[in-house]
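Asks: So here's structure_29.txt, just compact mmCIF, C-alpha atoms:
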```txt
# COMPACT_ATOMS: atom_id res chain seq x y z
CA MET A 113 75.59 72.86 65.58
CA THR A 114 71.86 72.53 66.37
CA SER A 115 70.25 74.50 69.14
CA ASP A 116 69.81 71.25 71.07
CA GLY A 117 73.53 70.54 70.70
CA ALA A 118 74.45 74.02 71.96
CA ALA A 119 72.12 73.60 74.94
CA MET A 120 73.72 70.23 75.76
CA ASN A 121 77.16 71.81 75.60
CA ARG A 122 76.11 74.52 78.01
CA TRP A 123 74.78 71.92 80.43
CA ARG A 124 78.04 70.02 80.11
CA LEU A 125 80.03 73.17 80.98
CA VAL A 126 77.85 73.61 84.06
CA LEU A 127 78.32 69.99 85.16
CA GLY A 128 82.06 69.92 84.48
CA LYS A 129 84.43 67.17 83.41
CA ASP A 130 82.78 64.57 85.63
CA ALA A 131 79.98 64.45 83.06
CA ARG A 132 82.28 63.84 80.07
CA TYR A 133 81.14 60.25 79.49
CA GLU A 134 77.41 60.98 79.69
CA LEU A 135 77.56 64.29 77.79
CA PRO A 136 80.51 64.53 75.40
CA LEU A 137 81.33 68.06 74.23
CA GLU A 138 81.09 69.11 70.60
CA GLY A 139 83.40 71.74 69.16
CA ASN A 140 86.96 72.80 69.93
CA ASN A 141 86.00 76.10 71.57
CA PHE A 142 83.74 74.30 74.05
CA LEU A 143 86.65 72.02 74.98
CA ARG A 144 88.80 75.09 75.59
CA MET A 145 86.01 76.67 77.63
CA GLU A 146 85.79 73.54 79.74
CA GLU A 147 89.54 73.59 80.41
CA ALA A 148 89.36 77.25 81.42
CA LEU A 149 86.41 76.68 83.74
CA ASP A 150 88.01 73.56 85.20
CA PHE A 151 91.23 75.46 85.90
CA LEU A 152 89.27 77.67 88.28
CA TYR A 153 86.22 75.80 89.51
CA GLY A 154 87.93 72.41 89.58
CA ARG A 155 89.39 73.64 92.85
CA GLU A 156 86.11 72.59 94.44
CA ALA A 157 87.24 68.97 93.92
CA GLY A 158 89.36 68.87 97.06
CA GLU A 159 92.90 68.10 98.18
CA ASP A 160 94.03 66.41 94.95
CA VAL A 161 94.11 69.79 93.24
CA ARG A 162 97.61 71.24 92.87
CA LYS A 163 98.16 74.45 94.81
CA ASN A 164 99.48 77.90 93.94
CA GLY A 165 97.14 78.34 91.00
CA GLU A 166 99.21 76.30 88.55
CA SER A 167 96.51 73.80 87.67
CA GLY A 168 92.89 72.99 88.33
CA GLY A 169 90.43 70.13 88.31
CA ASN A 170 91.87 66.75 89.18
CA GLY A 171 95.38 67.68 88.23
CA GLN A 172 94.69 67.31 84.49
CA SER A 173 94.74 70.97 83.45
CA CYS A 174 98.06 72.32 82.19
CA LEU A 175 97.08 75.98 82.04
CA THR A 176 99.14 78.61 83.80
CA ILE A 177 97.53 81.78 85.20
CA PRO A 178 98.67 83.96 82.23
CA GLU A 179 97.39 81.36 79.76
CA TRP A 180 94.11 81.09 81.64
CA LEU A 181 93.59 84.86 81.47
CA THR A 182 94.26 84.84 77.74
CA GLU A 183 91.82 81.96 77.23
CA ILE A 184 88.91 83.47 79.14
CA ARG A 185 89.30 86.80 77.32
CA GLU A 186 89.06 84.98 73.98
CA LEU A 187 86.25 82.61 74.91
CA PHE A 188 83.83 84.36 77.27
CA PRO A 189 81.76 87.58 77.30
CA GLN A 190 82.93 90.53 79.40
CA GLU A 191 80.43 89.92 82.19
CA SER A 192 81.63 86.33 82.64
CA ILE A 193 85.29 87.39 82.63
CA GLU A 194 84.68 89.85 85.46
CA VAL A 195 82.86 87.22 87.53
CA MET A 196 85.64 84.65 87.04
CA GLN A 197 88.39 87.13 87.90
CA ARG A 198 86.52 88.05 91.07
CA HIS A 199 85.96 84.41 92.01
CA ALA A 200 89.64 83.64 91.39
CA LEU A 201 90.68 86.25 93.92
CA GLU A 202 87.91 86.17 96.49
CA ARG A 203 86.85 82.52 96.51
CA TYR A 204 90.05 80.72 95.56
CA GLN A 205 92.65 83.21 96.81
CA LEU A 206 94.66 83.20 93.59
CA THR A 207 96.65 86.21 94.72
CA GLY A 208 99.16 85.42 91.99
CA LEU A 209 96.75 87.33 89.75
CA LEU A 210 97.79 90.53 91.50
CA THR A 211 101.38 89.76 92.49
CA ASP A 212 102.77 89.04 89.03
CA SER A 213 103.10 92.09 86.76
CA GLU A 214 102.79 90.01 83.58
CA VAL A 215 99.55 88.51 84.82
CA LEU A 216 98.24 91.84 86.06
CA GLU A 217 98.87 93.45 82.66
CA ARG A 218 96.61 90.87 81.01
CA MET A 219 93.64 91.50 83.26
CA GLU A 220 90.75 93.65 82.10
CA PRO A 221 90.90 97.10 83.75
CA ASN A 222 87.53 97.83 85.33
CA VAL A 223 86.06 98.95 88.63
CA GLU A 224 85.99 95.40 90.00
CA LEU A 225 89.70 94.94 89.31
CA LEU A 226 90.39 98.39 90.77
CA LYS A 227 88.65 97.36 94.00
CA LEU A 228 90.78 94.22 94.21
CA VAL A 229 93.98 96.17 93.50
CA LEU A 230 93.18 98.62 96.28
CA SER A 231 92.47 95.74 98.66
CA LEU A 232 95.81 94.02 97.98
CA LYS A 233 98.09 96.95 97.14
CA SER A 234 99.97 96.53 100.42
CA CYS A 235 101.28 93.19 99.07
CA MET A 236 102.64 94.79 95.89
CA LYS A 237 106.13 96.05 95.25
CA GLY A 238 108.31 97.23 92.37
CA ARG A 239 107.00 96.59 88.87
CA VAL A 240 103.81 95.00 90.17
CA LEU A 241 102.96 98.18 92.08
CA GLU A 242 103.73 100.29 88.99
CA THR A 243 101.42 98.09 86.91
CA ALA A 244 98.71 98.35 89.58
CA ARG A 245 99.03 102.13 89.58
CA ALA A 246 98.65 102.16 85.79
CA ILE A 247 95.43 100.13 86.13
CA VAL A 248 94.11 102.53 88.76
CA ASP A 249 94.96 105.47 86.48
CA LYS A 250 93.17 103.96 83.47
CA VAL A 251 90.00 103.09 85.37
CA VAL A 252 89.95 106.48 87.12
CA ARG A 253 90.30 108.33 83.78
CA GLU A 254 87.36 106.38 82.35
CA LEU A 255 85.25 107.01 85.45
CA ARG A 256 86.19 110.68 85.46
CA LYS A 257 85.17 111.14 81.83
CA LYS A 258 81.79 109.54 82.48
CA MET A 259 81.16 111.48 85.68
CA GLU A 260 82.19 114.80 84.10
CA GLN A 261 79.61 114.25 81.38
CA GLU A 262 76.96 113.60 84.02
CA ILE A 263 77.91 116.62 86.11
CA GLU A 264 78.00 118.98 83.11
CA ARG A 265 74.38 118.02 82.45
CA SER A 266 73.49 119.01 86.02
CA ALA A 267 72.32 122.37 87.29
CA LEU A 268 75.85 123.52 88.22
CA GLY A 269 77.00 123.05 84.66
CA LYS A 270 80.41 123.91 83.26
CA ILE A 271 83.64 122.44 84.64
CA ASP A 272 86.68 124.73 84.63
CA ARG A 273 89.02 122.65 82.48
CA SER A 274 91.67 125.39 82.50
CA SER A 275 92.20 124.92 86.22
CA GLN A 276 95.58 123.65 87.38
CA SER A 277 97.39 123.28 84.08
CA SER A 278 96.44 125.20 80.94
CA VAL A 279 98.19 128.54 81.57
CA ARG A 280 101.83 127.53 81.88
CA SER A 281 103.57 130.72 82.93
CA ILE A 282 106.03 131.36 85.74
CA ARG A 283 103.45 133.71 87.32
CA ASN A 284 100.98 130.81 87.65
CA LEU A 285 103.54 128.22 88.82
CA ASP A 286 102.31 126.39 91.94
CA LEU A 287 105.72 125.97 93.54
CA PRO A 288 104.72 124.24 96.82
CA ARG A 289 102.63 121.66 94.97
CA THR A 290 105.34 121.14 92.32
CA ILE A 291 107.91 120.41 95.04
CA ARG A 292 105.56 118.13 96.97
CA LYS A 293 104.55 116.10 93.92
CA ASN A 294 108.16 115.58 92.81
CA LEU A 295 109.71 114.64 96.15
CA ALA A 296 109.89 111.00 95.05
CA HIS A 297 112.55 112.09 92.50
CA TYR A 298 114.87 113.75 95.02
CA ASP A 299 118.51 112.72 94.43
CA THR A 300 119.97 112.28 97.91
CA GLU A 301 123.55 112.00 96.65
CA GLU A 302 123.47 115.13 94.49
CA ARG A 303 121.04 116.85 96.87
CA ARG A 304 118.91 117.90 93.90
CA LEU A 305 115.22 117.68 93.17
CA MET A 306 114.53 116.24 89.70
CA VAL A 307 111.30 117.85 88.51
CA GLU A 308 109.30 115.62 86.18
CA HIS A 309 106.02 117.54 86.28
CA LEU A 310 105.23 121.21 86.79
CA TYR A 311 101.93 122.28 88.33
CA PHE A 312 100.15 125.58 87.73
CA ASN A 313 97.33 127.41 89.42
CA GLY A 314 94.09 127.98 87.54
CA ARG A 315 93.24 131.38 86.08
CA ILE A 316 89.75 131.74 87.48
CA LYS A 317 89.47 133.45 90.84
CA ARG A 318 86.85 132.10 93.16
CA TYR A 319 84.77 134.85 94.70
CA ASN A 320 83.27 133.71 97.99
CA PRO A 321 82.83 130.07 96.90
CA TRP A 322 80.77 127.49 98.70
CA HIS A 323 82.87 125.08 100.75
CA VAL A 324 82.03 121.42 100.11
CA ILE A 325 83.55 118.93 102.56
CA LEU A 326 83.40 115.35 101.28
CA VAL A 327 83.87 113.01 104.24
CA VAL A 328 84.09 109.37 103.16
CA ASP A 329 83.88 106.18 105.21
CA GLU A 330 86.81 103.94 104.19
CA SER A 331 85.62 100.70 105.79
CA GLY A 332 85.85 97.64 103.55
CA SER A 333 82.16 97.67 102.67
CA MET A 334 82.52 101.18 101.21
CA MET A 335 84.99 100.38 98.41
CA THR A 336 82.77 101.38 95.48
CA SER A 337 81.74 104.63 97.21
CA ILE A 338 85.38 105.48 98.00
CA ILE A 339 86.40 105.15 94.35
CA HIS A 340 83.57 107.35 93.11
CA SER A 341 84.12 109.88 95.89
CA ALA A 342 87.81 110.34 95.07
CA VAL A 343 87.00 110.93 91.41
CA MET A 344 84.09 113.20 92.25
CA ALA A 345 86.24 115.32 94.58
CA GLY A 346 88.70 115.94 91.74
CA ILE A 347 85.86 117.11 89.50
CA PHE A 348 84.39 119.33 92.23
CA ALA A 349 87.81 120.99 92.60
CA LYS A 350 87.46 122.25 89.01
CA LEU A 351 84.12 123.95 89.61
CA PRO A 352 84.82 127.69 90.12
CA MET A 353 81.94 128.16 92.57
CA LEU A 354 83.22 125.45 94.94
CA LYS A 355 86.07 125.07 97.38
CA THR A 356 86.42 121.33 98.03
CA SER A 357 87.93 119.32 100.89
CA LEU A 358 88.31 115.52 100.89
CA VAL A 359 88.44 113.65 104.19
CA ILE A 360 88.47 109.88 104.68
CA PHE A 361 88.03 108.00 107.93
CA ASP A 362 87.69 104.73 109.79
CA THR A 363 88.46 105.18 113.48
CA ASN A 364 91.10 107.69 112.39
CA VAL A 365 90.74 110.71 110.11
CA VAL A 366 92.96 111.51 107.10
CA ASP A 367 92.66 114.78 105.19
CA LEU A 368 93.45 114.20 101.50
CA THR A 369 92.61 117.70 100.30
CA ASP A 370 96.16 118.26 99.05
CA GLN A 371 95.69 115.23 96.74
CA ILE A 372 92.23 116.19 95.55
CA ASP A 373 93.27 116.80 91.94
CA ASP A 374 95.12 113.45 91.82
CA PRO A 375 92.49 110.73 92.47
CA VAL A 376 95.02 107.99 91.68
CA GLN A 377 97.34 109.12 94.47
CA ALA A 378 94.38 109.61 96.79
CA LEU A 379 93.14 106.08 96.17
CA MET A 380 96.59 104.56 96.54
CA SER A 381 96.86 106.33 99.93
CA ILE A 382 93.75 104.70 101.34
CA GLN A 383 94.13 101.91 103.90
CA LEU A 384 90.94 99.87 103.88
CA GLY A 385 89.52 98.17 106.94
CA GLY A 386 89.35 99.03 110.59
CA GLY A 387 86.37 100.25 112.54
CA THR A 388 84.07 103.19 111.89
CA ASP A 389 83.88 106.39 113.94
CA ILE A 390 81.62 108.78 112.05
CA ALA A 391 81.27 111.13 115.02
CA ASN A 392 85.04 111.61 115.18
CA ALA A 393 85.20 112.37 111.45
CA LEU A 394 82.37 114.91 111.61
CA THR A 395 84.05 116.56 114.60
CA TYR A 396 87.16 117.04 112.46
CA CYS A 397 85.07 118.41 109.59
CA GLU A 398 83.32 120.86 111.92
CA GLY A 399 86.76 122.33 112.57
CA LEU A 400 87.15 123.02 108.83
CA ILE A 401 84.01 125.17 108.71
CA THR A 402 84.70 128.90 108.57
CA GLU A 403 81.49 130.16 106.91
CA PRO A 404 78.72 127.81 108.05
CA ARG A 405 76.01 129.27 105.82
CA ARG A 406 78.15 128.64 102.74
CA THR A 407 79.28 125.15 103.72
CA MET A 408 77.98 121.70 102.83
CA VAL A 409 79.30 118.65 104.68
CA VAL A 410 78.67 115.61 102.47
CA LEU A 411 78.97 112.40 104.50
CA ILE A 412 79.28 109.26 102.37
CA SER A 413 78.79 106.24 104.60
CA ASP A 414 76.71 103.16 105.36
CA LEU A 415 75.97 104.93 108.69
CA CYS A 416 76.98 101.83 110.69
CA GLU A 417 78.50 103.78 113.58
CA GLY A 418 81.18 102.26 115.79
CA ASN A 419 81.00 105.19 118.19
CA THR A 420 77.82 105.83 120.16
CA ARG A 421 74.70 106.97 118.35
CA GLN A 422 74.40 109.80 120.86
CA ASN A 423 77.82 111.21 119.87
CA LEU A 424 76.98 111.02 116.17
CA CYS A 425 73.64 112.75 116.70
CA ARG A 426 75.27 115.41 118.93
CA ILE A 427 77.93 116.44 116.38
CA SER A 428 75.43 116.25 113.50
CA HIS A 429 73.08 118.56 115.41
CA SER A 430 75.96 120.95 116.10
CA ILE A 431 76.87 121.18 112.39
CA ILE A 432 73.24 121.74 111.36
CA GLU A 433 72.63 124.31 114.10
CA SER A 434 75.68 126.29 112.93
CA GLY A 435 73.90 126.91 109.63
CA ALA A 436 75.94 124.44 107.56
CA LYS A 437 74.16 121.83 105.45
CA LEU A 438 74.71 118.17 106.37
CA ILE A 439 74.09 115.74 103.51
CA ALA A 440 74.33 112.01 104.24
CA LEU A 441 74.75 109.96 101.07
CA THR A 442 74.08 106.32 101.78
CA ALA A 443 76.37 103.59 100.52
CA LEU A 444 75.40 101.55 97.47
CA ASP A 445 76.08 97.84 97.15
CA ASP A 446 77.58 96.27 94.00
CA ASN A 447 74.10 96.14 92.42
CA GLY A 448 73.56 99.87 92.93
CA CYS A 449 71.08 99.35 95.76
CA PRO A 450 71.23 101.44 98.96
CA SER A 451 72.94 99.58 101.82
CA TYR A 452 72.94 101.42 105.15
CA ASP A 453 71.68 101.62 108.73
CA ARG A 454 68.14 102.87 108.16
CA SER A 455 67.52 103.64 111.82
CA MET A 456 70.56 105.94 111.94
CA ALA A 457 69.49 107.53 108.67
CA GLU A 458 66.07 108.33 110.15
CA SER A 459 67.70 109.88 113.24
CA LEU A 460 69.88 112.16 111.07
CA ALA A 461 66.91 113.13 108.92
CA ASP A 462 64.93 114.04 112.06
CA LEU A 463 67.78 116.38 113.03
CA GLY A 464 67.51 118.20 109.70
CA ALA A 465 70.12 116.40 107.59
CA TYR A 466 69.34 115.46 104.02
CA VAL A 467 69.65 111.66 103.66
CA GLY A 468 69.50 109.84 100.35
CA ALA A 469 71.26 107.92 97.60
CA LEU A 470 72.26 110.21 94.71
CA THR A 471 74.28 109.91 91.52
CA PRO A 472 76.95 112.61 91.03
CA ALA A 473 74.65 114.54 88.66
CA LYS A 474 71.72 114.37 91.08
CA LEU A 475 74.01 115.46 93.92
CA MET A 476 75.07 118.48 91.86
CA ASP A 477 71.44 119.34 91.13
CA PHE A 478 70.69 119.19 94.85
CA MET A 479 73.75 121.29 95.70
CA ALA A 480 72.76 123.90 93.11
CA GLU A 481 69.30 124.11 94.67
CA VAL A 482 70.84 124.60 98.14
CA MET A 483 73.17 127.33 96.81
CA ARG A 484 70.30 129.24 95.21
CA LYS A 485 68.37 129.52 98.49
```
Show me this structure written as C-alpha cells.

Replies:
Amino acid sequence: MTSDGAAMNRWRLVLGKDARYELPLEGNNFLRMEEALDFLYGREAGEDVRKNGESGGNGQSCLTIPEWLTEIRELFPQESIEVMQRHALERYQLTGLLTDSEVLERMEPNVELLKLVLSLKSCMKGRVLETARAIVDKVVRELRKKMEQEIERSALGKIDRSSQSSVRSIRNLDLPRTIRKNLAHYDTEERRLMVEHLYFNGRIKRYNPWHVILVVDESGSMMTSIIHSAVMAGIFAKLPMLKTSLVIFDTNVVDLTDQIDDPVQALMSIQLGGGTDIANALTYCEGLITEPRRTMVVLISDLCEGNTRQNLCRISHSIIESGAKLIALTALDDNGCPSYDRSMAESLADLGAYVGALTPAKLMDFMAEVMRK
C-alpha cells in the first residue's frame, strides 16, 4: 500500500463508517480496526445504539466485549489500547469490562487498569474479585521491582531482602501476623484455623531506627499517588534503618501499618472518595511520634484542605516545633506534572516544612540527607 493510501486509511478511521462511500478502506486489518473503533466510539451516534456494551455504531457491529478486547490487542499499539480501555470505562460506562471475570482476564494489566479496578472493586464479587486481586498483584509486583531498583540507587542503598521471610525457623515465626493473615481460612464448623502461609520476622535488628510516617490522601484525585505510596511503604519496611507507618485518610483516618508488607491487601482496603481533612490526619500522626528528632512525617496530598487552613497550619507547626521533619509531597497528575494547592504549599513551606514533588529515589536521597544531619 502506498503512503498516500495508508494516510487515507488513517483519515477514514478517524472519520468513521459514515465516510465509507467517500473514502473506502483498503486492507482487511483496516476493516477490522474500523469495526473495533466503531464498537466503542459508535456510541456517540445516539439512541439507536444497542445498550449494555453488546454492539456499537448504528447497530451493525456484532462484536462482544471479549471479542473487542482480543481485536484491539491484535490490531493497535499498547498506548492506543490503554486509551480505549479507559474511554470504555470512563466515557461509555462499559462496566461489563470489570464485572465479567473472562473479560477482565483479557485486559492488559497496567497502572491505568489498576486504578479502574480500585475504583470499582466494591461492585465485584466471587471470581471477578479474585481476578481483580490477581491484576492488582501483578501490577504491584512490577511497580515494586522498578521502585526497588530506583531506591537501591539512592543514598540509602541496600534493601533488606531477608526481612519477613528468608529465615524459616520456629524461633523467627511471627505468630500474631500468621494468625491474622490466615483468618479468612478459619473453619467455623471444625473450629480450626487452616494456615496457608507462614510469616517470619526478619533477622536484622533495628538499632534506634528513624520513624517514617507516610500519610496519604485517599481522595479520588490521588489514585496514582496512593498506588505508589502503598508500594513504597512496603519497600521502606525492608530498610533496616527505618521504622515505617502507613496512614491513609479522607475525612477519616485509617492506619494500615499492619498491612505495610502486603501492598495488594492495603490497596484493596482503600475506599476512594469522600472529603479531605489533612489536619485531622496529621493530628493522628502526631500521636504516633515518640522520638520527634528521629521522625519524618511524609504527607502525600494535593493539599486541597477540607478543614480550615488555620487548623492545618496549627498542627503542621506543632509537628515541626516538636523537632520532627514534615515533608509534603505534592500530588502528580496522570502526565507526571505537580497538581496541588500552591497557596497551601507556600504556607507549609513558610512554617518550615519541605514541600516538593519527588520520585521514590529522590525522596530517599532527601531522607538520607536529613538523617545525616

Asks: Grab the atom CA of A:Ile193 to atom CA of A:Glu330 distance for me, in Å with one decimal place.

Replies: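 The value is 27.2 Å.
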
Asks: Quick one: axis-aligned box around all listed atoms of stretch 450-462 of chain A, 8 Å on every side, centre and edge lengths in Å to one decimal, written as AutoDock Vina command-line options.

Replies:
```
--center_x 68.9 --center_y 106.8 --center_z 106.1 --size_x 24.0 --size_y 30.5 --size_z 30.3
```

Asks: Would you mind reading off the distance between atom CA of A:Ile184 and atom CA of A:Met145, one decimal, in Å?

Replies: 7.5 Å

Asks: Identify which of the residues A:Glu146, A:Asp389, A:Glu191, A:Asp374 lies closest to A:Val343, counting all atoms listed in the file when measuring atom-to-atom distances.

Replies: A:Asp374

Asks: For the atom pair atom CA of A:Ser192 and atom CA of A:Ala342, what is the interatomic distance in Å to one decimal place?

Replies: 27.7 Å

Asks: Against stretch 429-436 of chain A, which residues of stretch 316-367 of chain A fall within 12 Å? For each one I want the closest pair of atoms and the distance in Å (one decimal), counting all atoms listed in the file, rows by chain and increasing residue number, as a Markdown table.

Replies:
```
| residue | atom | partner | partner_atom | distance |
| --- | --- | --- | --- | --- |
| A:Trp322 | CA | A:Ala436 | CA | 10.5 |
| A:His323 | CA | A:Ala436 | CA | 9.7 |
| A:Val324 | CA | A:Ala436 | CA | 10.1 |
| A:Ile325 | CA | A:Ala436 | CA | 10.6 |
```

Asks: From the options A:Val409, A:Met334, A:Met380, A:Ala469, which residue's atoms come nearest to A:Leu232, counting only C-alpha atoms?

Replies: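 Of the candidates, the smallest distance to A:Leu232 is held by A:Met380.
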
Asks: Taking all atoms listed in the file into account, name the residue in A:Leu354, A:Val229, A:Ile247, A:Val223 that is nearest to A:Leu201.

Replies: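 Counting all atoms listed in the file, the residue closest to A:Leu201 is A:Val229.
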
Asks: Could you give me, as a list in words, the residues within 10 Å of A:Leu226, counting all atoms listed in the file and dropping anything in the same chain fewer than 6 positions from it?

Replies: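 Here the answer would be Glu220, Ala244, Arg245, Ile247, Val248, Asp249, Lys250, Val251, Val252, Met335, Thr336, Ile339 and Leu379 of chain A.
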
Asks: Using all atoms listed in the file, can you tell me which of A:Arg426, A:Arg218, A:Lys474, A:Lys258 comes closest to A:Thr243?

Replies: A:Arg218

Asks: Looking at A:Met306, A:Val482, A:Leu216, A:Met236, which one is nearest to A:Arg406, with distances taken over all atoms listed in the file?

Replies: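 Of all the options, A:Val482 lies closest to A:Arg406.
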
Asks: Which residue, A:Met344, A:Leu187, A:Leu310, A:Leu438, has the smallest gap to A:Leu143 when you use only C-alpha atoms?

Replies: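 So, comparing all the options, the nearest one is A:Leu187.
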
Asks: So which residues fall inside 9 Å of (89.4, 113.2, 107.1) if we count only C-alpha atoms? Mind giving them as a ChimeraX atom specification?

Replies: /A:326-328,357-361,364-369,393-394,396-397
